[in-house]
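File shown: target-v8.csv. Contents: CSV, C-alpha atoms.
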chain,number,residue,atom,x,y,z
A,1,MET,CA,-18.4,0.5,15.3
A,2,LYS,CA,-15.2,0.7,13.3
A,3,LEU,CA,-15.2,3.1,10.3
A,4,ILE,CA,-12.4,3.3,7.7
A,5,ILE,CA,-12.2,6.5,5.7
A,6,SER,CA,-10.0,7.1,2.6
A,7,ALA,CA,-7.9,10.2,3.1
A,8,GLN,CA,-5.1,12.3,1.7
A,9,ASN,CA,-3.2,12.6,5.0
A,10,PRO,CA,-3.1,10.7,8.3
A,11,SER,CA,-5.3,12.9,10.5
A,12,LEU,CA,-8.9,13.7,11.2
A,13,GLU,CA,-8.5,17.2,9.8
A,14,ALA,CA,-7.1,15.8,6.5
A,15,GLN,CA,-9.0,16.1,3.3
A,16,VAL,CA,-10.8,12.9,2.3
A,17,ASP,CA,-9.7,11.1,-0.9
A,18,ARG,CA,-12.6,10.3,-3.2
A,19,ARG,CA,-10.6,7.5,-4.7
A,20,PHE,CA,-10.7,4.3,-2.7
A,21,GLY,CA,-8.0,2.0,-4.2
A,22,ARG,CA,-5.5,4.8,-4.9
A,23,CYS,CA,-5.9,6.9,-1.7
A,24,MET,CA,-2.7,7.5,0.3
A,25,TRP,CA,-4.2,6.8,3.7
A,26,LEU,CA,-6.9,4.8,5.3
A,27,VAL,CA,-8.1,6.3,8.6
A,28,LEU,CA,-9.7,3.9,11.1
A,29,PHE,CA,-12.1,5.6,13.5
A,30,ASP,CA,-13.8,3.8,16.4
A,31,THR,CA,-17.2,5.4,17.1
A,32,GLU,CA,-17.4,3.9,20.6
A,33,THR,CA,-14.0,5.1,21.9
A,34,ASN,CA,-13.5,8.0,19.5
A,35,GLN,CA,-9.9,6.7,19.0
A,36,TRP,CA,-8.4,6.8,15.5
A,37,GLU,CA,-5.4,5.4,13.7
A,38,ALA,CA,-4.1,5.9,10.2
A,39,PHE,CA,-2.6,3.3,7.9
A,40,GLN,CA,-0.8,3.7,4.6
A,41,ASN,CA,-2.8,2.3,1.8
A,42,PRO,CA,-0.7,-0.6,0.2
A,43,GLY,CA,-2.7,-0.1,-3.0
A,44,ALA,CA,-1.5,3.4,-3.6
A,45,SER,CA,1.7,2.4,-5.2
A,46,GLN,CA,0.6,-0.8,-7.0
A,47,SER,CA,0.6,-1.0,-10.8
A,48,GLY,CA,-2.6,-3.0,-10.6
A,49,GLY,CA,-5.0,-4.6,-8.2
A,50,ALA,CA,-5.0,-1.4,-6.0
A,51,GLY,CA,-8.7,-1.8,-5.0
A,52,VAL,CA,-8.1,-5.4,-3.8
A,53,ALA,CA,-5.0,-4.5,-1.9
A,54,ALA,CA,-6.8,-1.6,-0.1
A,55,ALA,CA,-9.8,-3.7,0.6
A,56,GLN,CA,-7.7,-6.4,2.1
A,57,LEU,CA,-6.3,-3.9,4.6
A,58,VAL,CA,-9.9,-2.8,5.5
A,59,VAL,CA,-11.0,-6.4,6.0
A,60,ASP,CA,-7.9,-7.2,8.1
A,61,LYS,CA,-8.5,-4.2,10.4
A,62,GLY,CA,-12.0,-5.5,11.1
A,63,ALA,CA,-13.9,-2.4,9.9
A,64,ASP,CA,-17.7,-2.5,9.9
A,65,VAL,CA,-18.2,0.3,7.4
A,66,VAL,CA,-15.9,1.8,4.8
A,67,LEU,CA,-16.4,5.4,3.5
A,68,SER,CA,-15.0,6.7,0.2
A,69,GLY,CA,-16.0,8.6,-2.9
A,70,ASP,CA,-16.8,5.4,-4.8
A,71,PHE,CA,-15.8,1.7,-4.9
A,72,GLY,CA,-14.6,-0.3,-7.9
A,73,PRO,CA,-15.9,-3.7,-8.8
A,74,ASN,CA,-13.1,-5.7,-7.2
A,75,ALA,CA,-13.2,-3.8,-3.9
A,76,SER,CA,-17.0,-4.0,-3.9
A,77,ARG,CA,-16.9,-7.8,-4.3
A,78,ALA,CA,-14.4,-8.1,-1.4
A,79,PHE,CA,-16.6,-5.9,0.9
A,80,GLN,CA,-19.8,-7.8,0.0
A,81,ALA,CA,-18.1,-11.1,0.8
A,82,ALA,CA,-16.8,-9.6,4.1
A,83,LYS,CA,-20.2,-8.0,4.9
A,84,ILE,CA,-18.6,-4.6,5.3
A,85,GLY,CA,-20.9,-1.7,4.6
A,86,MET,CA,-19.9,0.7,1.8
A,87,GLN,CA,-20.9,4.3,2.1
A,88,ARG,CA,-20.1,7.2,-0.3
A,89,PHE,CA,-19.2,10.6,0.8
A,90,THR,CA,-21.7,13.3,0.2
A,91,ASP,CA,-20.8,16.0,-2.3
A,92,SER,CA,-20.0,18.5,0.5
A,93,THR,CA,-17.7,16.1,2.5
A,94,THR,CA,-14.3,17.6,2.8
A,95,THR,CA,-12.5,16.3,5.9
A,96,VAL,CA,-12.3,12.9,7.6
A,97,GLN,CA,-13.9,14.4,10.7
A,98,GLU,CA,-16.9,15.6,8.6
A,99,ALA,CA,-17.2,12.1,7.1
A,100,VAL,CA,-17.4,10.6,10.6
A,101,ASP,CA,-19.8,13.3,11.8
A,102,HIS,CA,-22.1,12.8,8.9
A,103,PHE,CA,-22.0,9.0,9.4
A,104,LYS,CA,-23.0,9.4,13.0
A,105,TYR,CA,-25.7,11.9,12.2
A,106,VAL,CA,-27.5,9.7,9.6
A,107,LYS,CA,-27.2,6.7,11.9
B,1,MET,CA,15.0,-11.4,-39.5
B,2,GLN,CA,12.5,-10.0,-37.0
B,3,ILE,CA,11.5,-6.3,-37.2
B,4,ALA,CA,9.1,-4.6,-34.8
B,5,VAL,CA,7.3,-1.5,-36.0
B,6,ALA,CA,6.5,0.7,-33.0
B,7,SER,CA,5.8,4.4,-32.3
B,8,GLY,CA,4.7,5.4,-28.8
B,9,LYS,CA,2.1,7.8,-30.0
B,10,GLY,CA,-0.9,6.2,-31.7
B,11,GLY,CA,-1.9,7.0,-35.2
B,12,THR,CA,1.6,7.9,-36.5
B,13,GLY,CA,1.5,5.3,-39.2
B,14,LYS,CA,2.8,2.0,-37.7
B,15,THR,CA,0.3,-0.1,-39.7
B,16,THR,CA,0.8,2.0,-42.8
B,17,ILE,CA,4.5,1.3,-42.7
B,18,ALA,CA,4.3,-2.3,-41.5
B,19,THR,CA,1.8,-3.5,-44.1
B,20,SER,CA,3.6,-1.8,-47.0
B,21,LEU,CA,6.9,-3.2,-45.8
B,22,ALA,CA,5.4,-6.7,-45.7
B,23,LEU,CA,4.1,-6.2,-49.2
B,24,SER,CA,7.4,-4.9,-50.5
B,25,LEU,CA,9.4,-7.8,-49.1
B,26,ALA,CA,6.8,-10.5,-50.0
B,27,GLY,CA,8.6,-11.4,-53.2
B,28,LEU,CA,12.0,-11.6,-51.6
B,29,ALA,CA,11.4,-14.0,-48.6
B,30,ASP,CA,8.7,-15.6,-46.7
B,31,VAL,CA,7.0,-12.8,-44.9
B,32,ARG,CA,5.0,-13.1,-41.8
B,33,TYR,CA,2.9,-10.2,-40.6
B,34,VAL,CA,2.1,-10.4,-36.9
B,35,ASP,CA,-0.5,-7.9,-35.6
B,36,CYS,CA,0.5,-7.5,-31.9
B,37,ASP,CA,-2.0,-4.6,-31.4
B,38,VAL,CA,-4.3,-7.2,-29.8
B,39,GLU,CA,-6.7,-4.5,-28.3
B,40,ALA,CA,-7.4,-3.0,-31.7
B,41,PRO,CA,-5.8,-4.9,-34.5
B,42,ASN,CA,-6.2,-3.3,-37.9
B,43,GLY,CA,-3.5,-4.8,-40.2
B,44,HIS,CA,-6.2,-7.1,-41.7
B,45,LEU,CA,-8.0,-4.1,-43.2
B,46,PHE,CA,-5.0,-3.6,-45.5
B,47,LEU,CA,-3.6,-7.1,-46.0
B,48,LYS,CA,-7.0,-8.8,-46.3
B,49,PRO,CA,-6.2,-12.2,-44.9
B,50,GLU,CA,-8.5,-15.1,-45.0
B,51,PHE,CA,-8.4,-16.6,-41.5
B,52,THR,CA,-8.3,-20.4,-41.5
B,53,GLU,CA,-7.1,-21.1,-38.0
B,54,SER,CA,-8.3,-19.9,-34.7
B,55,ALA,CA,-7.3,-21.0,-31.2
B,56,PRO,CA,-8.2,-19.6,-27.8
B,57,ALA,CA,-5.6,-17.6,-25.9
B,58,VAL,CA,-5.7,-18.9,-22.4
B,59,ILE,CA,-4.2,-18.1,-19.0
B,60,ARG,CA,-4.4,-20.5,-16.1
B,61,ILE,CA,-6.0,-19.0,-13.0
B,62,PRO,CA,-6.3,-20.5,-9.5
B,63,GLN,CA,-9.3,-22.3,-8.2
B,64,ILE,CA,-9.3,-22.9,-4.5
B,65,GLN,CA,-10.4,-26.3,-3.3
B,66,THR,CA,-12.2,-25.3,-0.2
B,67,GLU,CA,-12.2,-28.7,1.4
B,68,LYS,CA,-8.4,-28.6,1.5
B,69,CYS,CA,-7.9,-24.9,2.2
B,70,THR,CA,-7.0,-24.0,5.7
B,71,ALA,CA,-7.2,-20.2,5.0
B,72,CYS,CA,-3.6,-19.7,6.0
B,73,GLY,CA,-3.4,-16.8,3.6
B,74,ARG,CA,-0.1,-17.7,2.0
B,75,CYS,CA,-1.5,-17.4,-1.5
B,76,VAL,CA,-2.8,-13.9,-0.8
B,77,GLU,CA,0.6,-13.0,0.5
B,78,VAL,CA,2.6,-14.2,-2.5
B,79,CYS,CA,0.3,-12.8,-5.2
B,80,GLU,CA,2.2,-9.9,-6.7
B,81,PHE,CA,-1.0,-8.7,-8.6
B,82,HIS,CA,-3.6,-8.8,-5.8
B,83,ALA,CA,-5.6,-11.3,-7.7
B,84,LEU,CA,-6.5,-13.0,-4.4
B,85,ALA,CA,-8.0,-11.7,-1.1
B,86,GLN,CA,-8.8,-13.4,2.1
B,87,VAL,CA,-12.1,-12.7,3.9
B,88,GLY,CA,-12.5,-14.8,7.0
B,89,LYS,CA,-12.1,-18.4,5.9
B,90,ASN,CA,-12.7,-17.7,2.2
B,91,ILE,CA,-10.2,-16.9,-0.5
B,92,LEU,CA,-11.6,-14.7,-3.2
B,93,VAL,CA,-10.1,-15.0,-6.7
B,94,PHE,CA,-10.2,-11.9,-9.1
B,95,PRO,CA,-9.6,-13.5,-12.5
B,96,GLN,CA,-9.1,-10.2,-14.3
B,97,LEU,CA,-6.2,-9.3,-12.1
B,98,CYS,CA,-4.5,-12.7,-12.4
B,99,HIS,CA,-1.4,-12.9,-14.7
B,100,GLY,CA,-1.3,-16.7,-14.5
B,101,CYS,CA,2.1,-16.8,-12.9
B,102,GLY,CA,1.3,-19.8,-10.7
B,103,SER,CA,3.0,-18.5,-7.5
B,104,CYS,CA,-0.1,-19.2,-5.4
B,105,THR,CA,-0.3,-22.8,-6.6
B,106,TRP,CA,3.4,-23.3,-6.1
B,107,ASN,CA,3.4,-21.8,-2.5
B,108,CYS,CA,0.2,-23.3,-1.2
B,109,PRO,CA,1.3,-25.6,1.7
B,110,GLU,CA,-1.9,-27.7,1.5
B,111,ASN,CA,-1.9,-28.2,-2.3
B,112,ALA,CA,-5.4,-26.7,-2.2
B,113,ILE,CA,-5.1,-24.8,-5.5
B,114,VAL,CA,-5.8,-26.2,-8.9
B,115,GLU,CA,-5.4,-24.1,-12.1
B,116,VAL,CA,-8.2,-23.8,-14.5
B,117,PRO,CA,-8.0,-22.3,-18.0
B,118,ASN,CA,-9.4,-18.8,-18.4
B,119,PRO,CA,-9.8,-17.7,-22.0
B,120,ILE,CA,-8.9,-14.1,-22.6
B,121,GLY,CA,-8.9,-13.9,-26.4
B,122,THR,CA,-8.1,-15.7,-29.6
B,123,LEU,CA,-5.0,-16.3,-31.8
B,124,GLU,CA,-5.7,-16.3,-35.6
B,125,ARG,CA,-3.8,-17.3,-38.7
B,126,GLY,CA,-4.4,-17.1,-42.4
B,127,MET,CA,-2.9,-16.2,-45.7
B,128,ALA,CA,-3.1,-12.6,-46.9
B,129,LEU,CA,-2.3,-10.6,-50.1
B,130,GLU,CA,0.8,-11.6,-51.9
B,131,ASN,CA,1.2,-14.8,-49.9
B,132,ILE,CA,1.9,-13.1,-46.7
B,133,GLU,CA,1.4,-15.3,-43.7
B,134,PHE,CA,-0.8,-13.3,-41.4
B,135,PHE,CA,-1.1,-13.8,-37.6
B,136,ARG,CA,-3.0,-11.8,-35.1
B,137,GLY,CA,-4.2,-11.9,-31.5
B,138,LEU,CA,-7.5,-10.5,-30.4
B,139,LEU,CA,-8.1,-9.7,-26.8
B,140,THR,CA,-11.7,-10.3,-25.7
B,141,ILE,CA,-13.5,-7.0,-25.0
B,142,SER,CA,-13.5,-6.3,-21.2
B,143,GLU,CA,-10.4,-8.4,-20.6
B,144,PRO,CA,-7.7,-6.1,-19.3
B,145,MET,CA,-4.4,-8.0,-20.1
B,146,PRO,CA,-3.0,-7.9,-23.6
B,147,THR,CA,0.5,-9.1,-22.7
B,148,PRO,CA,-0.1,-12.9,-22.4
B,149,ILE,CA,-1.8,-12.9,-25.8
B,150,ILE,CA,1.1,-11.2,-27.4
B,151,ARG,CA,3.5,-13.7,-25.8
B,152,GLN,CA,1.5,-16.6,-27.1
B,153,LEU,CA,1.1,-15.1,-30.5
B,154,LYS,CA,4.9,-14.7,-30.8
B,155,LYS,CA,5.5,-18.3,-29.8
B,156,ARG,CA,3.6,-19.3,-33.0
B,157,VAL,CA,5.9,-17.4,-35.3
B,158,TYR,CA,9.2,-18.7,-34.0
B,159,PRO,CA,11.9,-17.1,-36.3
B,160,GLN,CA,13.2,-19.3,-39.2
B,161,PRO,CA,15.9,-18.7,-41.8
B,162,ASN,CA,14.9,-16.8,-44.9
B,163,THR,CA,11.8,-15.6,-43.1
B,164,ILE,CA,11.0,-12.1,-42.2
B,165,ASN,CA,8.7,-11.5,-39.3
B,166,ILE,CA,7.2,-8.1,-39.1
B,167,TYR,CA,5.5,-7.2,-35.8
B,168,ASP,CA,3.0,-4.4,-35.8
B,169,ALA,CA,3.3,-3.1,-32.2
B,170,PRO,CA,0.5,-1.7,-30.1
B,171,PRO,CA,0.6,2.1,-29.4
B,172,GLY,CA,2.0,3.4,-26.1
B,173,ALA,CA,5.2,2.6,-24.3
B,174,SER,CA,4.1,0.0,-21.7
B,175,CYS,CA,4.2,-3.8,-21.1
B,176,SER,CA,2.5,-4.8,-24.3
B,177,VAL,CA,5.0,-2.8,-26.4
B,178,VAL,CA,7.9,-4.3,-24.5
B,179,GLU,CA,6.5,-7.8,-25.0
B,180,THR,CA,6.3,-7.1,-28.8
B,181,LEU,CA,9.9,-5.9,-28.9
B,182,ARG,CA,11.3,-8.7,-26.8
B,183,GLY,CA,13.8,-10.7,-28.9
B,184,VAL,CA,13.5,-8.7,-32.2
B,185,ASP,CA,16.5,-7.8,-34.3
B,186,PHE,CA,15.4,-4.3,-35.1
B,187,ALA,CA,12.9,-1.7,-34.0
B,188,LEU,CA,11.5,0.6,-36.7
B,189,LEU,CA,10.1,3.6,-34.9
B,190,VAL,CA,7.5,5.5,-36.8
B,191,THR,CA,6.9,9.1,-35.7
B,192,GLU,CA,5.6,12.4,-36.8
B,193,PRO,CA,7.1,15.9,-36.4
B,194,THR,CA,4.7,17.0,-33.7
B,195,SER,CA,5.3,17.6,-30.0
B,196,PHE,CA,3.3,14.5,-29.1
B,197,GLY,CA,5.1,12.3,-31.6
B,198,LEU,CA,8.5,13.5,-30.3
B,199,HIS,CA,7.5,13.0,-26.7
B,200,ASP,CA,6.5,9.4,-27.2
B,201,LEU,CA,9.4,8.7,-29.5
B,202,LYS,CA,11.8,9.6,-26.7
B,203,GLN,CA,10.1,7.1,-24.5
B,204,MET,CA,10.5,4.5,-27.2
B,205,LEU,CA,14.2,5.4,-27.7
B,206,GLY,CA,14.6,4.8,-23.9
B,207,ILE,CA,13.0,1.4,-24.2
B,208,VAL,CA,14.9,0.1,-27.2
B,209,SER,CA,18.1,1.4,-25.6
B,210,ASP,CA,17.4,-0.5,-22.3
B,211,MET,CA,16.6,-3.6,-24.3
B,212,ASN,CA,19.7,-3.3,-26.5
B,213,ILE,CA,17.7,-3.3,-29.7
B,214,PRO,CA,19.1,-1.4,-32.7
B,215,SER,CA,16.6,1.1,-34.1
B,216,GLY,CA,15.9,3.6,-36.9
B,217,VAL,CA,13.2,6.2,-37.4
B,218,VAL,CA,10.5,6.7,-40.1
B,219,ILE,CA,9.2,10.2,-40.1
B,220,ASN,CA,5.6,10.2,-41.3
B,221,ARG,CA,3.6,13.3,-42.2
B,222,ASP,CA,7.0,14.9,-43.0
B,223,GLY,CA,6.7,18.6,-43.6
B,224,ILE,CA,4.4,19.6,-40.7
B,225,GLY,CA,5.6,20.8,-37.3
B,226,ASP,CA,9.1,22.1,-36.6
B,227,ASP,CA,12.8,21.1,-36.3
B,228,SER,CA,12.7,19.8,-32.8
B,229,LEU,CA,12.4,16.2,-34.0
B,230,LYS,CA,15.4,16.6,-36.3
B,231,ASP,CA,17.5,18.1,-33.5
B,232,THR,CA,16.5,15.3,-31.1
B,233,LEU,CA,17.4,12.6,-33.5
B,234,GLN,CA,20.8,14.1,-34.0
B,235,ASP,CA,21.3,14.1,-30.2
B,236,TYR,CA,20.4,10.5,-30.0
B,237,ASN,CA,22.4,9.5,-33.1
B,238,ILE,CA,19.5,7.5,-34.5
B,239,PRO,CA,19.3,7.1,-38.3
B,240,ILE,CA,16.3,8.4,-40.2
B,241,LEU,CA,15.5,5.6,-42.6
B,242,LEU,CA,12.5,7.0,-44.4
B,243,ARG,CA,10.4,10.1,-44.7
B,244,VAL,CA,6.8,10.0,-45.9
B,245,PRO,CA,5.5,13.4,-46.8
B,246,PHE,CA,2.2,14.7,-45.4
B,247,ASP,CA,-0.2,14.1,-48.3
B,248,ARG,CA,-4.0,14.3,-48.5
B,249,VAL,CA,-4.3,11.8,-51.3
B,250,LEU,CA,-2.4,9.2,-49.2
B,251,ALA,CA,-4.6,10.0,-46.1
B,252,GLU,CA,-7.8,9.5,-48.1
B,253,SER,CA,-6.6,6.3,-49.7
B,254,LEU,CA,-5.5,4.8,-46.3
B,255,ALA,CA,-8.9,5.7,-44.9
B,256,ALA,CA,-10.4,3.7,-47.8
B,257,GLY,CA,-8.3,0.6,-46.9
B,258,ARG,CA,-5.6,1.0,-49.5
B,259,THR,CA,-1.9,0.6,-48.7
B,260,LEU,CA,1.0,3.0,-49.2
B,261,VAL,CA,2.5,0.8,-52.0
B,262,ASP,CA,-0.8,0.5,-53.7
B,263,VAL,CA,-1.2,4.3,-53.9
B,264,TYR,CA,2.5,5.0,-54.6
B,265,PRO,CA,4.1,1.9,-56.1
B,266,GLU,CA,7.6,3.5,-56.0
B,267,TYR,CA,7.5,2.9,-52.2
B,268,ARG,CA,8.1,-0.8,-52.9
B,269,ASP,CA,11.7,-0.1,-53.9
B,270,ILE,CA,12.1,2.5,-51.3
B,271,LEU,CA,11.0,0.0,-48.6
B,272,ARG,CA,13.3,-2.7,-50.0
B,273,GLU,CA,16.1,-0.2,-49.7
B,274,LEU,CA,15.0,0.5,-46.1
B,275,TYR,CA,15.1,-3.2,-45.4
B,276,GLN,CA,18.6,-3.4,-46.9
B,277,LYS,CA,19.7,-0.7,-44.5
B,278,VAL,CA,18.2,-2.5,-41.6
B,279,THR,CA,20.1,-5.7,-42.5
B,280,GLU,CA,23.3,-3.7,-42.6
B,281,ILE,CA,22.6,-2.2,-39.2
B,282,VAL,CA,21.8,-5.5,-37.7
B,283,GLY,CA,25.0,-6.8,-39.3
B,284,GLY,CA,23.5,-9.7,-41.3
B,285,LYS,CA,22.9,-11.5,-38.1
B,286,THR,CA,19.4,-12.9,-38.1
B,287,LYS,CA,18.1,-14.7,-35.0
What is this file in structure tokens?
Amino acid sequence: MKLIISAQNPSLEAQVDRRFGRCMWLVLFDTETNQWEAFQNPGASQSGGAGVAAAQLVVDKGADVVLSGDFGPNASRAFQAAKIGMQRFTDSTTTVQEAVDHFKYVK
Amino acid sequence: MQIAVASGKGGTGKTTIATSLALSLAGLADVRYVDCDVEAPNGHLFLKPEFTESAPAVIRIPQIQTEKCTACGRCVEVCEFHALAQVGKNILVFPQLCHGCGSCTWNCPENAIVEVPNPIGTLERGMALENIEFFRGLLTISEPMPTPIIRQLKKRVYPQPNTINIYDAPPGASCSVVETLRGVDFALLVTEPTSFGLHDLKQMLGIVSDMNIPSGVVINRDGIGDDSLKDTLQDYNIPILLRVPFDRVLAESLAAGRTLVDVYPEYRDILRELYQKVTEIVGGKTK
């Protein structure tokens, strides 16, 4: 299963970013292979439509679930249309690795 | 003559000055007051127009004809504003992000996009106190884009000889203010001697300088704060055209919907003199 996590830096040890559309990095993590890859969020520097720009990247990378602090109305609509699951971080989530571990644990 | 009244910081007195300037000039020329603060217009509270015309402000947004669409994604690629997204074989349209630029329609290789009107507000016109022709735009609540309404509003008040257009700008220093300033002969910048007033005035001075618009300053609530405003204006070489002292009676009267010239009639002549100075600065050239 492919997860995408919003993060402040491109690594598993990086702090998560609770903003989805404006996060700097989107980290793709494959739970079957434990491989990961980070992509710069094209929405981070947009004056508007950041949520849609970020969501388009998530859709294009074929993610099954996206994890972030919250999701705006435009991004939510795109994920619903693409049947991509949206999951919020818990209050205690700090790093990308923790977000992945928590996701695996609750599954 | 076209004058925009702008400030940067909100609540410095744009509408106070714009409405009383309109009233002071009403006997001298045809005056049109144009409320460009389409997110929160308030000029009508003072000039009391009777609106007799109303028209929808519309932008044209894309509608995808699914039977023609091949999901090539070209429209998503060209949309500068991320108003389109592609999910599998479907193109999603996000109307609130669309600026109505038409790039998607233009670039679609299959001619699969038609444009449909999306109303985002209204444009109103009516006659106000002292025969002032009053125009305003009103952005529908929850619609995020004021700029197209301001643009459409300004098209209705195309400048004419012996007509003075006064544009009451929205607060801030962003697109909607730039749209209000576009094409005017003069920018009257209303500020107050506070740090916040000065900070935003500097942003406005940058904008009018970039746009090559001559400007002058009105200092409202004069007497409070410190000298930093005065020092800055000297550095920028911008004329101070008027000072309005900080005054409790005036504040109370404005809050009750009265105008500056109603409370202090001597401001009629003062504002006419201000207009005279503006025409001298502009050099008698009216667009």
* **Close residues, Glu115 in chain B itself excluded, 12 Å, all atoms listed in the file, min 6 positions apart in chain, as a list in words** =>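 The filter keeps Val58, Ile59, Arg60, Ile61, Pro62, Gln63, Ile64, Gln65, Val93, Pro95, Cys98, Gly100, Cys101, Gly102, Ser103, Cys104, Thr105 and Trp106 of chain B.
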* Could you write out as a ChimeraX atom specification the residues of chain B within 9 Å of chain A, counting only C-alpha atoms? -> /B:81-88,90,92,94,97
* Structure fact -> Of A:Asn34, A:Asn41, A:Gln8, A:Gln87, the one sitting nearest Gly21 in chain A when using only C-alpha atoms is A:Asn41
Need to verify the contact set: Val177 in chain B, 9 Å, all atoms listed in the file, exclusion of same-chain residues closer than 6 positions in sequence. Can you return it as a PDB file with C-alpha atoms, in the coordinates of the input?
ATOM      1  CA  ALA B   6       6.500   0.700 -33.000  1.00  0.00           C
ATOM      2  CA  GLY B   8       4.700   5.400 -28.800  1.00  0.00           C
ATOM      3  CA  CYS B  36       0.500  -7.500 -31.900  1.00  0.00           C
ATOM      4  CA  ASP B  37      -2.000  -4.600 -31.400  1.00  0.00           C
ATOM      5  CA  THR B 147       0.500  -9.100 -22.700  1.00  0.00           C
ATOM      6  CA  ALA B 169       3.300  -3.100 -32.200  1.00  0.00           C
ATOM      7  CA  PRO B 170       0.500  -1.700 -30.100  1.00  0.00           C
ATOM      8  CA  PRO B 171       0.600   2.100 -29.400  1.00  0.00           C
TER       9      PRO B 171
END
* Using all atoms listed in the file, which residue out of B:Thr12, B:Pro49, B:Glu133, B:Val5 lies closest to Leu198 in chain B? -> B:Thr12
* Asked: Counting only C-alpha atoms, what is within 6 Å of range 20-35 of chain B, bar same-chain residues fewer than 5 positions away, as a list in words?
  -> Ile132, Glu133, Phe134, Phe135, Arg136, Asn162, Thr163, Ile164, Asn165, Ile166, Tyr167, Asp168, Leu260, Val261, Arg268 and Leu271 of chain B
